[in-house]
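Down below is the structure, laid out as structure tokens.
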Amino acid sequence: MPTYLQPDVLARAEALGLKARQVVEGLRVGDHKSPYKGFSVEFVQHREYVPGDDIRHIDWKSYGRSERYTIKQYEQETNFICHLLLDASNSMRYGSGATNKLEYAKLLAASVAYMVIRQRDTVALRIFNTGWVAELPPSSQLGHIHAITHTLEETQPQDRTAIGPLLDEVADRISRRGIICLISDGLDDLEPLLAGLRHLRFRGHEVIFFHLLHPDEVHFPLDGNIRFLGLEEHAELLTRPHLLRPAYLRIVNRYLADIQRGCDGSGVDYVRLLTDRPLATALAEYLVKRLQASKR
């Protein structure tokens, strides 16, 4: 089994599934609401009968009241395309072993891809830093999982990131409404990032921002004399972290609050994930919340 397909994560994710909360545009009949009217599932409205319509769909009760032939229209269900956007910039190098941000992101991307394909939906993968590093087209074939995991295994962090412009590009390139999953540490200019998320929402996509952070970045528990090296720029700082901690935490907490507020205001699902938390637990918790929200 490929490295990024872990049975405990997959079992919990597959049991819960990822359902579209809003209207999506698919290519075949599936499990999610489509904007196209048909003759199956959930009644939406009547329309006037025109020659060529199947007479089986005539509402005879309505005819008895109005003496007009009308057709019952229903809302079809469809599949969706899940577009995975994975940040592979140098800032994702932080952490070691299972807490490394990029490795955690790869595991998350592979798990979501497997879950979506197993429920007969479609997945596309794009990996980026300053531009697109790799792009895999949408597919619902089980063999697509192997292409995805192979691409993830080959991916190494490099360069800086430029999330906002790339989100704008995705919004312009993807014509069918679907689900966009951004997997990133979000360490970029905040306004272009939020503007890109708003652009995707304006285009009618459902957007999930999986915001991956190492616990050190959030809690800053470091002590002693430490030399900090820039990951996306050639900077170096020798300091005692406890002197910086109050100011650092103020800035980080304001940054996190701004991201949360911006996502909430745009209707973006904001999911903060710290890499010291088992993915099986964190992903299952989010999927349960989605299920609960969809039943309200």
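In the structure tokens, chains take the letters A, B, ... in the order shown, each chain's residues start at 1, and ligands count up from 1 in the order shown.
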
Nearby residues (only C-alpha atoms) at most 12 Å from Ala284 (chain A), same-chain spacing under 3 positions excluded, as a short mmCIF file (atom, residue, chain, number, x, y, z; two decimals) with N, CA and C atoms, in the first residue's frame:
data_model
loop_
_atom_site.label_atom_id
_atom_site.label_comp_id
_atom_site.auth_asym_id
_atom_site.auth_seq_id
_atom_site.Cartn_x
_atom_site.Cartn_y
_atom_site.Cartn_z
N ASP A 8 -6.02 3.38 8.95
CA ASP A 8 -6.85 3.97 10.00
C ASP A 8 -7.51 5.26 9.53
N VAL A 9 -6.77 6.06 8.75
CA VAL A 9 -7.32 7.31 8.22
C VAL A 9 -8.40 7.00 7.19
N LEU A 10 -8.10 6.08 6.28
CA LEU A 10 -9.02 5.77 5.19
C LEU A 10 -10.32 5.16 5.69
N ALA A 11 -10.22 4.28 6.68
CA ALA A 11 -11.42 3.61 7.18
C ALA A 11 -12.40 4.61 7.77
N ARG A 12 -11.90 5.57 8.56
CA ARG A 12 -12.79 6.55 9.19
C ARG A 12 -13.32 7.54 8.17
N ALA A 13 -12.47 7.96 7.24
CA ALA A 13 -12.90 8.92 6.23
C ALA A 13 -13.93 8.30 5.29
N GLU A 14 -13.68 7.07 4.85
CA GLU A 14 -14.60 6.42 3.91
C GLU A 14 -15.96 6.17 4.54
N ALA A 15 -15.97 5.87 5.84
CA ALA A 15 -17.23 5.61 6.53
C ALA A 15 -18.10 6.86 6.60
N LEU A 16 -17.46 8.04 6.67
CA LEU A 16 -18.21 9.29 6.79
C LEU A 16 -18.49 9.93 5.43
N GLY A 17 -17.52 9.87 4.53
CA GLY A 17 -17.72 10.40 3.18
C GLY A 17 -17.67 11.92 3.13
N LEU A 18 -17.57 12.44 1.91
CA LEU A 18 -17.56 13.88 1.67
C LEU A 18 -18.69 14.20 0.71
N LEU A 108 -3.08 14.01 3.96
CA LEU A 108 -4.45 14.54 3.88
C LEU A 108 -4.96 14.49 2.44
N SER A 111 -5.70 10.94 1.36
CA SER A 111 -6.86 10.39 2.06
C SER A 111 -8.16 10.94 1.49
N VAL A 112 -8.20 12.25 1.23
CA VAL A 112 -9.41 12.85 0.64
C VAL A 112 -9.64 12.30 -0.76
N MET A 115 -11.04 8.77 -0.52
CA MET A 115 -12.42 8.82 -0.04
C MET A 115 -13.38 9.24 -1.15
N VAL A 271 -10.75 25.01 8.14
CA VAL A 271 -10.41 23.86 8.99
C VAL A 271 -8.95 23.98 9.39
N ARG A 277 -1.59 16.51 15.73
CA ARG A 277 -2.84 15.78 15.97
C ARG A 277 -3.01 14.69 14.93
N PRO A 278 -3.34 13.45 15.32
CA PRO A 278 -3.50 12.38 14.34
C PRO A 278 -4.52 12.77 13.28
N LEU A 279 -4.16 12.56 12.02
CA LEU A 279 -5.05 12.97 10.93
C LEU A 279 -6.36 12.20 10.95
N ALA A 280 -6.31 10.93 11.33
CA ALA A 280 -7.54 10.13 11.37
C ALA A 280 -8.58 10.79 12.26
N THR A 281 -8.15 11.29 13.40
CA THR A 281 -9.07 11.94 14.34
C THR A 281 -9.52 13.30 13.82
N LEU A 287 -15.43 15.81 9.14
CA LEU A 287 -16.47 15.17 8.33
C LEU A 287 -17.76 14.98 9.12
N VAL A 288 -17.64 14.70 10.40
CA VAL A 288 -18.83 14.59 11.26
C VAL A 288 -19.54 15.94 11.33
N LYS A 289 -18.79 17.03 11.49
CA LYS A 289 -19.39 18.36 11.52
C LYS A 289 -20.12 18.68 10.22
N ARG A 290 -19.53 18.27 9.10
CA ARG A 290 -20.18 18.49 7.80
C ARG A 290 -21.52 17.75 7.73
N LEU A 291 -21.49 16.51 8.18
CA LEU A 291 -22.72 15.71 8.15
C LEU A 291 -23.80 16.34 9.03
#

Self-check item: Test item: residues at most 9 Å from Ala113 (chain A), only C-alpha atoms, excluding those fewer than 6 positions along its chain, as a PyMOL selection string
Solution: chain A and resi 82+84+122-125+144-145+148

Restricting the calculation to only C-alpha atoms: of A:Pro137, A:Gly230, A:Gly224, A:Gly265, which residue gets closest to Ile81 (chain A)?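 That would be A:Pro137, the residue with the smallest distance to Ile81 (chain A).
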
Counting only C-alpha atoms, which residues of region 97-135 of chain A fall within 12 Å of region 186-191 of chain A, and what is the closest atom pair for each with its distance in Å at one decimal, ordered by chain and rising number, as CSV?
residue,atom,partner,partner_atom,distance
A:Lys101,CA,A:Gly186,CA,11.5
A:Asn129,CA,A:Asp188,CA,10.8
A:Thr130,CA,A:Asp188,CA,10.9

If DSSP is run on the backbone, what residues of region 113-160 of chain A are strand (DSSP E)? A reply as number ranges by chain would be ideal.
A: 122-128, 132-139

Next, dump the selected residues to file, keeping only N, CA and C atoms, as a PDB file, in the first residue's frame.
ATOM      1  N   THR A 122     -15.178  12.345  -8.397  1.00  0.00           N
ATOM      2  CA  THR A 122     -14.007  12.601  -9.244  1.00  0.00           C
ATOM      3  C   THR A 122     -13.027  13.536  -8.545  1.00  0.00           C
ATOM      4  N   VAL A 123     -11.729  13.301  -8.760  1.00  0.00           N
ATOM      5  CA  VAL A 123     -10.678  14.085  -8.100  1.00  0.00           C
ATOM      6  C   VAL A 123      -9.674  14.595  -9.126  1.00  0.00           C
ATOM      7  N   ALA A 124      -9.263  15.853  -8.942  1.00  0.00           N
ATOM      8  CA  ALA A 124      -8.135  16.427  -9.675  1.00  0.00           C
ATOM      9  C   ALA A 124      -7.128  16.936  -8.650  1.00  0.00           C
ATOM     10  N   LEU A 125      -5.854  16.916  -9.002  1.00  0.00           N
ATOM     11  CA  LEU A 125      -4.794  17.358  -8.085  1.00  0.00           C
ATOM     12  C   LEU A 125      -3.924  18.403  -8.764  1.00  0.00           C
ATOM     13  N   ARG A 126      -3.687  19.501  -8.056  1.00  0.00           N
ATOM     14  CA  ARG A 126      -2.736  20.515  -8.497  1.00  0.00           C
ATOM     15  C   ARG A 126      -1.800  20.817  -7.332  1.00  0.00           C
ATOM     16  N   ILE A 127      -0.502  20.791  -7.608  1.00  0.00           N
ATOM     17  CA  ILE A 127       0.511  21.096  -6.596  1.00  0.00           C
ATOM     18  C   ILE A 127       1.202  22.395  -7.012  1.00  0.00           C
ATOM     19  N   PHE A 128       1.420  23.292  -6.049  1.00  0.00           N
ATOM     20  CA  PHE A 128       1.916  24.623  -6.413  1.00  0.00           C
ATOM     21  C   PHE A 128       2.952  25.135  -5.431  1.00  0.00           C
ATOM     22  N   TRP A 132       2.450  26.324 -10.833  1.00  0.00           N
ATOM     23  CA  TRP A 132       1.991  24.939 -10.759  1.00  0.00           C
ATOM     24  C   TRP A 132       3.177  24.005 -10.943  1.00  0.00           C
ATOM     25  N   VAL A 133       3.387  23.153  -9.961  1.00  0.00           N
ATOM     26  CA  VAL A 133       4.473  22.170  -9.987  1.00  0.00           C
ATOM     27  C   VAL A 133       4.027  20.901 -10.697  1.00  0.00           C
ATOM     28  N   ALA A 134       2.800  20.475 -10.450  1.00  0.00           N
ATOM     29  CA  ALA A 134       2.247  19.269 -11.070  1.00  0.00           C
ATOM     30  C   ALA A 134       0.734  19.426 -11.154  1.00  0.00           C
ATOM     31  N   GLU A 135       0.145  18.856 -12.199  1.00  0.00           N
ATOM     32  CA  GLU A 135      -1.303  18.899 -12.373  1.00  0.00           C
ATOM     33  C   GLU A 135      -1.783  17.553 -12.899  1.00  0.00           C
ATOM     34  N   LEU A 136      -2.724  16.951 -12.199  1.00  0.00           N
ATOM     35  CA  LEU A 136      -3.352  15.709 -12.642  1.00  0.00           C
ATOM     36  C   LEU A 136      -4.812  16.017 -12.967  1.00  0.00           C
ATOM     37  N   PRO A 137      -5.286  15.631 -14.142  1.00  0.00           N
ATOM     38  CA  PRO A 137      -6.661  15.958 -14.549  1.00  0.00           C
ATOM     39  C   PRO A 137      -7.682  15.162 -13.743  1.00  0.00           C
ATOM     40  N   PRO A 138      -8.947  15.584 -13.766  1.00  0.00           N
ATOM     41  CA  PRO A 138      -9.977  14.887 -13.004  1.00  0.00           C
ATOM     42  C   PRO A 138     -10.174  13.449 -13.486  1.00  0.00           C
ATOM     43  N   SER A 139     -10.381  12.551 -12.538  1.00  0.00           N
ATOM     44  CA  SER A 139     -10.690  11.161 -12.860  1.00  0.00           C
ATOM     45  C   SER A 139     -11.413  10.542 -11.670  1.00  0.00           C
TER      46      SER A 139
END

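Shortest separation to Leu102 (chain A) among A:Glu285, A:Glu153, A:Glu217, A:Glu236 occurs at residue A:Glu153, atoms counted being only C-alpha atoms.
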
- A:Gln156, A:Ser62, A:Thr70, A:Gln141 ranked by distance to Lys106 (chain A), top pick (using only C-alpha atoms):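 Of A:Gln156, A:Ser62, A:Thr70, A:Gln141, the one nearest Lys106 (chain A), counting only C-alpha atoms, is A:Gln156.
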
- Query: Per DSSP on the backbone, what are the alpha helix (DSSP H) residues of region 69-286 of chain A, as a VMD selection string?
  - Reply: chain A and resid 101 to 118 144 to 154 163 to 173 190 to 202 215 to 219 241 to 266 279 to 286

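Minimum distance to Leu197 (chain A) across A:Ile251, A:Leu243, A:Cys263, A:Leu229 (counting only C-alpha atoms) occurs at A:Cys263.
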
Query - Between CA of Val218 (chain A) and CA of Leu166 (chain A), distance in Å (one decimal) - result: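 So the answer is 25.7 Å.
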